[in-house]
Amino acid sequence: MAVPVIGVLALQGDVREHVAALAGAGTDARPVRRPVELDAVDGLVVPGGESTTISKLVDIFEMRDPIDKRIAGGMPVYGSCAGMIMLATEVLDGRPDQRGFAGIEMTVRRNAFGRQIDSFEAPVVLAGVDGGPFHAVFIRAPWVERVGPEAEVLGRVTDGPAADRIVAVRQGNLLATSFHPELTGDLRLHRHFVDLVRAAS
Ligand code: GLN
């Protein structure tokens, strides 16, 4: 493919920041709200925001089946924060009616870092991403309590009260981080995802 087309699920959350980061990473980046728009993309980002709201809007916009089908067909998806929650097979401290795409076999805990460290920044070393630790921004973020045998842990918090917590995971073409690389101007993670999209097509 010449220029990969990457969609950002644009139902709620920090859509614009991901579109800008993906454009900076050399892709044709666009918001995606409808099934026909999803048909046109090679990969999808599920942004940070509020997973309970995104879950509801996915049903209202009739995007659940189309996204599930594309994931089953191997479309690469990157979820950050609420997007990570949307990719998990199991959510702790969620709302009973929230539902994700269940693509990565992992258990995530919503708002896991607690009140004192509701929002914080910490260095995270990411496997497969060169150039030193990632300056990771966490905002009411989930962490990962368990991963299945197919899922690979890519990164953990390195120090502070949340040291060792898993915050980046990959399973096949699905990538998830607890933090928000779209907010820091460091495009390495978006480039990493673009590589995955290129490799998948
Ligand atoms: N706490 C949010 C949720 O449960 C995630 C926060 C975020 O995406 N910054 O969906």
# chains A, B, ... in the order shown; residues from 1 in each chain; ligands from 1
$ residues_near_ligand --ligand "ligand 1" --cutoff "8 Å" --atoms "only C-alpha atoms and all ligand atoms" --output "list in words"
Gly13, Pro47, Gly48, Gly49, Glu50, Ser51, Thr52, Thr53, Ile54, Ser80, Cys81, Ala82, Gly83, Ile85, Gly94, Arg110, Asn111, Phe138, Ile139, Arg140, Ala141, Pro142, Ser178, Phe179 and His180 of chain A
$ closest_atom_pairs --of "region 15-122 of chain A" --to "region 157-162 of chain A" --cutoff "12 Å" --atoms "only C-alpha atoms" --output "JSON lines"
{"residue": "A:Ala112", "atom": "CA", "partner": "A:Ala162", "partner_atom": "CA", "distance": 9.7}
{"residue": "A:Phe113", "atom": "CA", "partner": "A:Ala162", "partner_atom": "CA", "distance": 7.1}
{"residue": "A:Gly114", "atom": "CA", "partner": "A:Ala162", "partner_atom": "CA", "distance": 9.8}
{"residue": "A:Gln116", "atom": "CA", "partner": "A:Pro161", "partner_atom": "CA", "distance": 10.0}
{"residue": "A:Ile117", "atom": "CA", "partner": "A:Pro161", "partner_atom": "CA", "distance": 8.5}
{"residue": "A:Asp118", "atom": "CA", "partner": "A:Ala162", "partner_atom": "CA", "distance": 11.2}
{"residue": "A:Ser119", "atom": "CA", "partner": "A:Ala162", "partner_atom": "CA", "distance": 11.8}
{"residue": "A:Phe120", "atom": "CA", "partner": "A:Ala162", "partner_atom": "CA", "distance": 10.2}
{"residue": "A:Glu121", "atom": "CA", "partner": "A:Val157", "partner_atom": "CA", "distance": 9.8}
{"residue": "A:Ala122", "atom": "CA", "partner": "A:Val157", "partner_atom": "CA", "distance": 6.8}
$ write_last_selection --atoms "N, CA and C atoms" --output "short mmCIF file (atom, residue, chain, number, x, y, z; two decimals), in the first residue's frame"
data_model
loop_
_atom_site.label_atom_id
_atom_site.label_comp_id
_atom_site.auth_asym_id
_atom_site.auth_seq_id
_atom_site.Cartn_x
_atom_site.Cartn_y
_atom_site.Cartn_z
N ALA A 112 -7.59 2.34 37.57
CA ALA A 112 -6.91 1.45 38.51
C ALA A 112 -5.90 2.17 39.40
N PHE A 113 -5.36 3.27 38.94
CA PHE A 113 -4.23 3.86 39.67
C PHE A 113 -4.66 4.62 40.93
N GLY A 114 -5.97 4.80 41.08
CA GLY A 114 -6.45 5.36 42.35
C GLY A 114 -6.44 6.86 42.37
N GLN A 116 -5.00 9.26 44.39
CA GLN A 116 -3.78 10.08 44.55
C GLN A 116 -3.06 10.24 43.23
N ILE A 117 -3.07 9.18 42.44
CA ILE A 117 -2.32 9.24 41.19
C ILE A 117 -3.27 9.05 40.01
N ASP A 118 -4.40 9.76 40.13
CA ASP A 118 -5.42 9.75 39.09
C ASP A 118 -4.82 10.02 37.72
N SER A 119 -4.01 11.09 37.67
CA SER A 119 -3.31 11.44 36.44
C SER A 119 -1.85 11.61 36.80
N PHE A 120 -0.98 10.99 36.02
CA PHE A 120 0.44 11.11 36.33
C PHE A 120 1.24 10.78 35.07
N GLU A 121 2.52 11.06 35.16
CA GLU A 121 3.40 10.78 34.02
C GLU A 121 4.54 9.91 34.52
N ALA A 122 4.97 8.98 33.72
CA ALA A 122 6.03 8.06 34.15
C ALA A 122 6.74 7.51 32.92
#
$ closest_residue --among "A:Leu183, A:Met63, A:Val129, A:Val167" --to "Asp14 (chain A)" --atoms "only C-alpha atoms"
A:Leu183
$ select_by_dssp --residues "region 41-157 of chain A" --states "strand (DSSP E)" --output "ChimeraX atom specification"
/A:43-46,77-80,88-92,104-109,119-126,134-139,143-147,152-157
$ write_last_selection --atoms "N, CA and C atoms" --output "compact mmCIF listing (two decimals), in the first residue's frame"
# COMPACT_ATOMS: atom_id res chain seq x y z
N GLY A 43 -6.59 0.23 9.11
CA GLY A 43 -6.39 0.02 10.54
C GLY A 43 -7.23 1.03 11.30
N LEU A 44 -7.43 0.78 12.60
CA LEU A 44 -8.32 1.63 13.39
C LEU A 44 -7.68 1.93 14.74
N VAL A 45 -7.84 3.18 15.19
CA VAL A 45 -7.45 3.57 16.55
C VAL A 45 -8.71 3.81 17.36
N VAL A 46 -8.76 3.23 18.55
CA VAL A 46 -9.85 3.53 19.48
C VAL A 46 -9.25 4.45 20.54
N VAL A 77 -5.77 -2.91 15.17
CA VAL A 77 -6.44 -1.90 15.99
C VAL A 77 -5.50 -1.51 17.12
N TYR A 78 -5.41 -0.22 17.37
CA TYR A 78 -4.66 0.28 18.52
C TYR A 78 -5.62 1.01 19.45
N GLY A 79 -5.68 0.59 20.70
CA GLY A 79 -6.54 1.25 21.69
C GLY A 79 -5.70 1.89 22.77
N SER A 80 -5.95 3.19 23.04
CA SER A 80 -5.24 3.83 24.15
C SER A 80 -6.25 4.17 25.25
N ALA A 88 -10.25 -5.28 25.66
CA ALA A 88 -10.00 -6.36 26.63
C ALA A 88 -11.14 -7.37 26.67
N THR A 89 -10.79 -8.62 26.96
CA THR A 89 -11.84 -9.64 27.12
C THR A 89 -12.52 -9.52 28.48
N GLU A 90 -11.82 -8.91 29.48
CA GLU A 90 -12.44 -8.81 30.81
C GLU A 90 -12.13 -7.46 31.43
N VAL A 91 -13.17 -6.81 31.97
CA VAL A 91 -13.01 -5.48 32.56
C VAL A 91 -13.45 -5.55 34.03
N LEU A 92 -12.57 -5.12 34.94
CA LEU A 92 -12.92 -5.03 36.35
C LEU A 92 -13.26 -3.57 36.66
N ILE A 104 -8.25 -8.70 22.80
CA ILE A 104 -7.02 -9.11 23.49
C ILE A 104 -7.41 -9.85 24.76
N GLU A 105 -6.86 -11.06 24.91
CA GLU A 105 -7.20 -11.82 26.11
C GLU A 105 -6.43 -11.22 27.28
N MET A 106 -7.11 -10.36 28.02
CA MET A 106 -6.49 -9.73 29.19
C MET A 106 -7.58 -9.21 30.11
N THR A 107 -7.22 -9.06 31.38
CA THR A 107 -8.12 -8.47 32.36
C THR A 107 -7.60 -7.07 32.67
N VAL A 108 -8.41 -6.05 32.43
CA VAL A 108 -8.00 -4.69 32.77
C VAL A 108 -8.87 -4.16 33.91
N ARG A 109 -8.26 -3.32 34.74
CA ARG A 109 -9.02 -2.68 35.80
C ARG A 109 -9.18 -1.20 35.45
N SER A 119 -4.01 11.09 37.67
CA SER A 119 -3.31 11.44 36.44
C SER A 119 -1.85 11.61 36.80
N PHE A 120 -0.98 10.99 36.02
CA PHE A 120 0.44 11.11 36.33
C PHE A 120 1.24 10.78 35.07
N GLU A 121 2.52 11.06 35.16
CA GLU A 121 3.40 10.78 34.02
C GLU A 121 4.54 9.91 34.52
N ALA A 122 4.97 8.98 33.72
CA ALA A 122 6.03 8.06 34.15
C ALA A 122 6.74 7.51 32.92
N PRO A 123 8.03 7.19 33.07
CA PRO A 123 8.73 6.56 31.95
C PRO A 123 8.31 5.10 31.80
N VAL A 124 8.11 4.69 30.55
CA VAL A 124 7.76 3.30 30.26
C VAL A 124 8.66 2.82 29.12
N VAL A 125 9.35 1.71 29.36
CA VAL A 125 10.16 1.11 28.30
C VAL A 125 9.26 0.18 27.50
N LEU A 126 9.23 0.37 26.18
CA LEU A 126 8.34 -0.44 25.35
C LEU A 126 9.14 -1.40 24.50
N PHE A 134 9.54 5.67 26.98
CA PHE A 134 8.45 6.51 26.52
C PHE A 134 8.00 7.38 27.68
N HIS A 135 7.81 8.66 27.44
CA HIS A 135 7.25 9.53 28.48
C HIS A 135 5.73 9.34 28.44
N ALA A 136 5.23 8.53 29.36
CA ALA A 136 3.82 8.12 29.26
C ALA A 136 2.93 8.97 30.16
N VAL A 137 1.83 9.44 29.59
CA VAL A 137 0.84 10.25 30.32
C VAL A 137 -0.38 9.37 30.60
N PHE A 138 -0.70 9.26 31.90
CA PHE A 138 -1.84 8.43 32.33
C PHE A 138 -2.95 9.34 32.85
N ILE A 139 -4.17 9.14 32.39
CA ILE A 139 -5.31 9.95 32.84
C ILE A 139 -6.45 9.01 33.21
N TRP A 143 -5.05 -0.40 34.31
CA TRP A 143 -3.85 -1.21 34.17
C TRP A 143 -4.30 -2.63 33.85
N VAL A 144 -3.33 -3.46 33.49
CA VAL A 144 -3.65 -4.83 33.06
C VAL A 144 -3.26 -5.76 34.19
N GLU A 145 -4.21 -6.56 34.65
CA GLU A 145 -3.94 -7.45 35.79
C GLU A 145 -3.56 -8.85 35.35
N ARG A 146 -3.93 -9.22 34.12
CA ARG A 146 -3.65 -10.59 33.66
C ARG A 146 -3.65 -10.57 32.16
N VAL A 147 -2.74 -11.29 31.56
CA VAL A 147 -2.81 -11.47 30.10
C VAL A 147 -2.89 -12.96 29.80
N GLU A 152 1.12 -10.52 24.53
CA GLU A 152 2.51 -10.22 24.87
C GLU A 152 2.55 -8.89 25.64
N VAL A 153 3.21 -8.91 26.80
CA VAL A 153 3.37 -7.66 27.56
C VAL A 153 4.48 -6.84 26.91
N LEU A 154 4.18 -5.60 26.52
CA LEU A 154 5.17 -4.75 25.86
C LEU A 154 5.78 -3.74 26.81
N GLY A 155 5.09 -3.41 27.89
CA GLY A 155 5.65 -2.38 28.76
C GLY A 155 4.99 -2.35 30.12
N ARG A 156 5.81 -1.91 31.08
CA ARG A 156 5.35 -1.76 32.47
C ARG A 156 5.83 -0.42 32.99
N VAL A 157 5.14 0.09 33.99
CA VAL A 157 5.62 1.29 34.68
C VAL A 157 6.93 0.93 35.37
$ residues_around --residues "Ile67 (chain A)" --least-positions-apart "5" --cutoff "10 Å" --atoms "only C-alpha atoms" --output "MDAnalysis selection string"
chainID A and resid 9 35 38:39 44 58 62 72:73 75 77 101
$ closest_residue --among "A:Ile6, A:Arg165, A:Glu37, A:Phe61" --to "Ala25 (chain A)" --atoms "only C-alpha atoms"
A:Ile6
$ atom_distance --atom1 "CA of Gly103 (chain A)" --atom2 "CA of Leu87 (chain A)"
5.2 Å
$ closest_residue --among "A:Ala23, A:Ala127, A:Ala151, A:Val41" --to "Met1 (chain A)" --atoms "only C-alpha atoms"
A:Val41
$ closest_residue --among "A:Ser201, A:Val194, A:Pro181, A:Asp65" --to "His18 (chain A)" --atoms "only C-alpha atoms"
A:Pro181
$ atom_distance --atom1 "CA of Glu17 (chain A)" --atom2 "CA of Leu57 (chain A)"
19.7 Å
$ atom_distance --atom1 "CA of Arg33 (chain A)" --atom2 "CA of Arg99 (chain A)"
17.7 Å
